[in-house]
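Working notes, beginning with the structure itself.
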Amino acid sequence: MASPQMTGEQLAALAYAEPSIRPQGLALTVEVFMYVLAILTFIIVSLRVYVRAFLFQGRVWGTDDYLAVIGFLPYIPSIAFAILATHYGLGTPDSELNMFLKIRAGEYMLYFQIIYYVSSTITKIAIAFTMLRLFQKKFVRWIIHINWIFMTLTAIGALSFVFANCKPFAANYNPLLGTCLPGNGFIIVSYFGSVVQIVTDWVSAIVPFFIVKDLQMSRRKKISLLAVLMLGILASVASLVRMPYYKYYDQVAYPNDYFYHAGYIALWSELECGMGIIACSLPPLRRLFKDFFKGSTNKSGAAAYASTSDKKSFNVGTQLSSLSPQGKLSSNPAGHGWDRLEDDNDSGQNIVRKTEIYVQSSNASDLDSSLPPRRKDTRW
């Protein structure tokens, strides 16, 4: 226990000399969970970079890709500080802690919260730009822009308060070093920031839902895209579960076991951010499962062609893959279906393309060869 005459610098020196403790119970759960999230998000983001930069050779690399990578980079340090905090009291009852451990845990907890919030905000901006890549309707794009701008302004305001709350900054976790603003400003900012994140998550997931259901794409693509949007809602659920623990920031009203309850805040915060990173990077990974989606696309394309052909004056169509560059028929021993356009953004373009193709048979009679070529309309 620190004496009344001890200075902040002396208290800090004693705190940094304090050995770490072994995480147990909730602290151990938080630590293991952090490792799992770090590994999983690293794999998903790495696959995204591989698809965009190598499979597509950088042709489709866009703003959302830069933001996704930039948003992921602070996530690993935030997890590192959360894990470090568990070795000094995060997720541990007060009965097993002393003042020096609490100072160390408070310092690493604060670093984790700031860096996590930066990562979460940038990742959700990346999700917004991913949606802008997919959806072209003006009113949807306006909603998405308003959504991410409002979230960004909120994050700037919240971080500004955190850095201005205590003078010097280290007084946030070592009260003998300085003073902090009176009141429960940190709690208010925490609640407000979480509410904004929840609202923006739901807007980002619900608004595109009404667009996706009308897009001209296979059912599997729709289901996969809606599943990604649902991850955003699940991230907001993590924020909702975390909010009741904010009351323990008020250590006057709740003086006991602050760091134990803060363990739940860390766990749900990192889960929320991790799910956002995964949801942001899943859409580009569709390229890795091209064959899975292509099977459904070819079938739906053939069915659409058959239904269209029934309304025409001819009953048999000619596949694009059976045509030579000169417009003549050629054999197709592989027997494949339609050759479809492949574009990373095709799910959002809602395009129907009409192509006129002239087919001339090489074994026609002299009489038939004198007639003009027959013209057939092919749609996909």
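Simple scheme: letters A, B, ... for chains in structure tokens order, numbers from 1 for residues in each chain, numbers from 1 for ligands in the order shown.
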Mind the document's chain letters and residue numbers, and return as a PyMOL selection string the residues of segment 21-239 of chain A that DSSP labels alpha helix (DSSP H). chain A and resi 26-50+63-72+75-86+99-134+138-165+185-212+219-239
Residues of segment 28-138 of chain A at most 12 Å from segment 144-164 of chain A: nearest atom pair and distance in Å, only C-alpha atoms, as a Markdown table:
```
| residue | atom | partner | partner_atom | distance |
| --- | --- | --- | --- | --- |
| A:Leu110 | CA | A:Val162 | CA | 9.5 |
| A:Tyr111 | CA | A:Val162 | CA | 11.0 |
| A:Gln113 | CA | A:Leu159 | CA | 10.1 |
| A:Ile114 | CA | A:Leu159 | CA | 7.3 |
| A:Ile115 | CA | A:Leu159 | CA | 10.0 |
| A:Tyr116 | CA | A:Leu159 | CA | 11.4 |
| A:Tyr117 | CA | A:Ala155 | CA | 7.7 |
| A:Val118 | CA | A:Ala155 | CA | 7.7 |
| A:Ser119 | CA | A:Ala155 | CA | 10.7 |
| A:Ser120 | CA | A:Ala155 | CA | 9.7 |
| A:Thr121 | CA | A:Thr152 | CA | 6.8 |
| A:Ile122 | CA | A:Thr152 | CA | 8.3 |
| A:Thr123 | CA | A:Trp148 | CA | 10.4 |
| A:Lys124 | CA | A:Trp148 | CA | 7.5 |
| A:Ile125 | CA | A:Trp148 | CA | 5.6 |
| A:Ala126 | CA | A:Trp148 | CA | 9.1 |
| A:Ile127 | CA | A:Trp148 | CA | 9.1 |
| A:Ala128 | CA | A:Ile144 | CA | 6.1 |
| A:Phe129 | CA | A:Ile144 | CA | 8.2 |
| A:Thr130 | CA | A:Ile144 | CA | 10.2 |
| A:Met131 | CA | A:Ile144 | CA | 7.7 |
| A:Leu132 | CA | A:Ile144 | CA | 7.4 |
| A:Arg133 | CA | A:Ile144 | CA | 11.1 |
| A:Leu134 | CA | A:Ile144 | CA | 11.5 |
| A:Phe135 | CA | A:Ile144 | CA | 9.8 |
| A:Gln136 | CA | A:Ile144 | CA | 11.1 |
| A:Lys137 | CA | A:Ile144 | CA | 10.8 |
| A:Lys138 | CA | A:Ile144 | CA | 9.9 |
```
Using the selection just defined, write its residues with N, CA and C atoms as a PDB file, in the first residue's frame.
```
ATOM      1  N   LEU A 110      -6.259   0.805 -20.554  1.00  0.00           N
ATOM      2  CA  LEU A 110      -6.514   2.066 -21.250  1.00  0.00           C
ATOM      3  C   LEU A 110      -5.926   2.038 -22.658  1.00  0.00           C
ATOM      4  N   TYR A 111      -4.702   1.534 -22.782  1.00  0.00           N
ATOM      5  CA  TYR A 111      -4.090   1.426 -24.112  1.00  0.00           C
ATOM      6  C   TYR A 111      -4.937   0.536 -25.023  1.00  0.00           C
ATOM      7  N   GLN A 113      -8.150  -0.078 -24.846  1.00  0.00           N
ATOM      8  CA  GLN A 113      -9.423   0.549 -25.212  1.00  0.00           C
ATOM      9  C   GLN A 113      -9.249   1.570 -26.332  1.00  0.00           C
ATOM     10  N   ILE A 114      -8.211   2.370 -26.249  1.00  0.00           N
ATOM     11  CA  ILE A 114      -7.987   3.396 -27.272  1.00  0.00           C
ATOM     12  C   ILE A 114      -7.683   2.755 -28.626  1.00  0.00           C
ATOM     13  N   ILE A 115      -6.755   1.796 -28.625  1.00  0.00           N
ATOM     14  CA  ILE A 115      -6.343   1.186 -29.889  1.00  0.00           C
ATOM     15  C   ILE A 115      -7.470   0.351 -30.483  1.00  0.00           C
ATOM     16  N   TYR A 116      -8.199  -0.352 -29.612  1.00  0.00           N
ATOM     17  CA  TYR A 116      -9.341  -1.137 -30.107  1.00  0.00           C
ATOM     18  C   TYR A 116     -10.368  -0.236 -30.775  1.00  0.00           C
ATOM     19  N   TYR A 117     -10.639   0.909 -30.172  1.00  0.00           N
ATOM     20  CA  TYR A 117     -11.661   1.812 -30.706  1.00  0.00           C
ATOM     21  C   TYR A 117     -11.240   2.358 -32.069  1.00  0.00           C
ATOM     22  N   VAL A 118      -9.970   2.647 -32.221  1.00  0.00           N
ATOM     23  CA  VAL A 118      -9.453   3.096 -33.522  1.00  0.00           C
ATOM     24  C   VAL A 118      -9.626   1.990 -34.558  1.00  0.00           C
ATOM     25  N   SER A 119      -9.245   0.766 -34.189  1.00  0.00           N
ATOM     26  CA  SER A 119      -9.366  -0.362 -35.108  1.00  0.00           C
ATOM     27  C   SER A 119     -10.819  -0.607 -35.492  1.00  0.00           C
ATOM     28  N   SER A 120     -11.707  -0.584 -34.513  1.00  0.00           N
ATOM     29  CA  SER A 120     -13.114  -0.842 -34.774  1.00  0.00           C
ATOM     30  C   SER A 120     -13.710   0.211 -35.696  1.00  0.00           C
ATOM     31  N   THR A 121     -13.372   1.475 -35.474  1.00  0.00           N
ATOM     32  CA  THR A 121     -13.923   2.552 -36.295  1.00  0.00           C
ATOM     33  C   THR A 121     -13.449   2.438 -37.740  1.00  0.00           C
ATOM     34  N   ILE A 122     -12.162   2.234 -37.942  1.00  0.00           N
ATOM     35  CA  ILE A 122     -11.629   2.132 -39.308  1.00  0.00           C
ATOM     36  C   ILE A 122     -12.199   0.900 -40.016  1.00  0.00           C
ATOM     37  N   THR A 123     -12.335  -0.194 -39.285  1.00  0.00           N
ATOM     38  CA  THR A 123     -12.898  -1.412 -39.888  1.00  0.00           C
ATOM     39  C   THR A 123     -14.327  -1.184 -40.345  1.00  0.00           C
ATOM     40  N   LYS A 124     -15.110  -0.477 -39.556  1.00  0.00           N
ATOM     41  CA  LYS A 124     -16.501  -0.235 -39.941  1.00  0.00           C
ATOM     42  C   LYS A 124     -16.595   0.759 -41.091  1.00  0.00           C
ATOM     43  N   ILE A 125     -15.633   1.649 -41.191  1.00  0.00           N
ATOM     44  CA  ILE A 125     -15.568   2.502 -42.379  1.00  0.00           C
ATOM     45  C   ILE A 125     -15.238   1.653 -43.607  1.00  0.00           C
ATOM     46  N   ALA A 126     -14.346   0.673 -43.432  1.00  0.00           N
ATOM     47  CA  ALA A 126     -14.020  -0.244 -44.528  1.00  0.00           C
ATOM     48  C   ALA A 126     -15.254  -1.022 -44.965  1.00  0.00           C
ATOM     49  N   ILE A 127     -16.090  -1.444 -44.009  1.00  0.00           N
ATOM     50  CA  ILE A 127     -17.330  -2.136 -44.348  1.00  0.00           C
ATOM     51  C   ILE A 127     -18.232  -1.214 -45.163  1.00  0.00           C
ATOM     52  N   ALA A 128     -18.284   0.059 -44.771  1.00  0.00           N
ATOM     53  CA  ALA A 128     -19.102   1.023 -45.515  1.00  0.00           C
ATOM     54  C   ALA A 128     -18.629   1.142 -46.961  1.00  0.00           C
ATOM     55  N   PHE A 129     -17.317   1.202 -47.169  1.00  0.00           N
ATOM     56  CA  PHE A 129     -16.799   1.329 -48.539  1.00  0.00           C
ATOM     57  C   PHE A 129     -16.947   0.016 -49.319  1.00  0.00           C
ATOM     58  N   THR A 130     -16.951  -1.108 -48.613  1.00  0.00           N
ATOM     59  CA  THR A 130     -17.268  -2.370 -49.281  1.00  0.00           C
ATOM     60  C   THR A 130     -18.699  -2.355 -49.786  1.00  0.00           C
ATOM     61  N   MET A 131     -19.608  -1.821 -49.004  1.00  0.00           N
ATOM     62  CA  MET A 131     -21.004  -1.714 -49.414  1.00  0.00           C
ATOM     63  C   MET A 131     -21.167  -0.717 -50.560  1.00  0.00           C
ATOM     64  N   LEU A 132     -20.384   0.338 -50.557  1.00  0.00           N
ATOM     65  CA  LEU A 132     -20.438   1.286 -51.663  1.00  0.00           C
ATOM     66  C   LEU A 132     -19.976   0.635 -52.964  1.00  0.00           C
ATOM     67  N   ARG A 133     -19.082  -0.333 -52.843  1.00  0.00           N
ATOM     68  CA  ARG A 133     -18.626  -1.066 -54.027  1.00  0.00           C
ATOM     69  C   ARG A 133     -19.743  -1.955 -54.580  1.00  0.00           C
ATOM     70  N   LEU A 134     -20.611  -2.447 -53.687  1.00  0.00           N
ATOM     71  CA  LEU A 134     -21.642  -3.393 -54.085  1.00  0.00           C
ATOM     72  C   LEU A 134     -22.942  -2.742 -54.531  1.00  0.00           C
ATOM     73  N   PHE A 135     -23.310  -1.649 -53.888  1.00  0.00           N
ATOM     74  CA  PHE A 135     -24.634  -1.066 -54.121  1.00  0.00           C
ATOM     75  C   PHE A 135     -24.520   0.263 -54.847  1.00  0.00           C
ATOM     76  N   GLN A 136     -25.367   0.442 -55.877  1.00  0.00           N
ATOM     77  CA  GLN A 136     -25.280   1.611 -56.743  1.00  0.00           C
ATOM     78  C   GLN A 136     -26.445   2.584 -56.588  1.00  0.00           C
ATOM     79  N   LYS A 137     -27.511   2.178 -55.900  1.00  0.00           N
ATOM     80  CA  LYS A 137     -28.651   3.084 -55.749  1.00  0.00           C
ATOM     81  C   LYS A 137     -28.258   4.291 -54.916  1.00  0.00           C
ATOM     82  N   LYS A 138     -28.675   5.476 -55.396  1.00  0.00           N
ATOM     83  CA  LYS A 138     -28.212   6.720 -54.778  1.00  0.00           C
ATOM     84  C   LYS A 138     -28.640   6.847 -53.320  1.00  0.00           C
TER      85      LYS A 138
END
```
Closest of A:Val212, A:Val30, A:Ala68, A:Ile143 to Arg48 of chain A - atom-to-atom distances counting only C-alpha atoms: A:Ala68
Atom CA of Val140 of chain A to atom CA of Phe72 of chain A, distance in Å rounded to a single decimal: 26.0 Å
How many Å separate atom CA of Phe33 of chain A from atom CA of Ile79 of chain A?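 Rounded to one decimal, the two atoms are 9.7 Å apart.
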Among segment 118-293 of chain A, which residues carry a DSSP assignment of strand (DSSP E or B), reported as a PyMOL selection string? chain A and resi 166-167+179-180
For those residues, write all heavy atoms to a file as a compact mmCIF listing (two decimals), in the first residue's frame.
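Dumped to out15.txt:
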```txt
# COMPACT_ATOMS: atom_id res chain seq x y z
N CYS A 166 -7.62 13.68 -18.38
CA CYS A 166 -6.67 13.74 -17.26
C CYS A 166 -5.39 14.45 -17.69
O CYS A 166 -4.92 14.28 -18.82
CB CYS A 166 -6.34 12.35 -16.75
SG CYS A 166 -7.76 11.45 -16.05
N LYS A 167 -4.83 15.23 -16.78
CA LYS A 167 -3.56 15.92 -17.00
C LYS A 167 -2.60 15.58 -15.89
O LYS A 167 -2.89 15.86 -14.72
CB LYS A 167 -3.79 17.44 -17.04
CG LYS A 167 -4.70 17.91 -18.15
CD LYS A 167 -4.09 17.68 -19.52
CE LYS A 167 -4.99 18.21 -20.64
NZ LYS A 167 -4.43 17.97 -21.97
N THR A 179 -4.46 15.23 -12.08
CA THR A 179 -5.89 15.30 -11.81
C THR A 179 -6.69 15.00 -13.09
O THR A 179 -6.19 15.16 -14.20
CB THR A 179 -6.29 16.70 -11.30
OG1 THR A 179 -5.92 17.68 -12.29
CG2 THR A 179 -5.59 17.01 -9.99
N CYS A 180 -7.94 14.61 -12.89
CA CYS A 180 -8.86 14.32 -13.99
C CYS A 180 -10.11 15.18 -13.85
O CYS A 180 -10.40 15.70 -12.76
CB CYS A 180 -9.25 12.85 -14.02
SG CYS A 180 -7.85 11.72 -14.27
```
Go through A:Leu14, A:Val228, A:Leu37, A:Val189 one by one, measure the shortest atom-to-atom distance of each to Asn174 of chain A using only C-alpha atoms, and give the residue with the smallest value.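 Distance minimum relative to Asn174 of chain A lands on A:Leu14.
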Which residue, A:Asn256, A:Ser95, A:Thr86, A:Ser46, has the smallest gap to Val32 of chain A when you use only C-alpha atoms?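 The answer is A:Thr86, which sits nearest to Val32 of chain A.
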For Tyr173 of chain A: contacts at 10 Å, only C-alpha atoms, fewer than 5 positions along chain excluded, given as a ChimeraX atom specification: /A:12,102-110,166
d(atom CA of Ile198 of chain A, atom CA of Ala253 of chain A) in Å: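 Computing it gives 26.4 Å between the two atoms.
Distances to Phe100 of chain A were evaluated for A:Tyr35, A:Phe42, A:Tyr88, A:Tyr191 using only C-alpha atoms, and the minimum falls at A:Tyr88.
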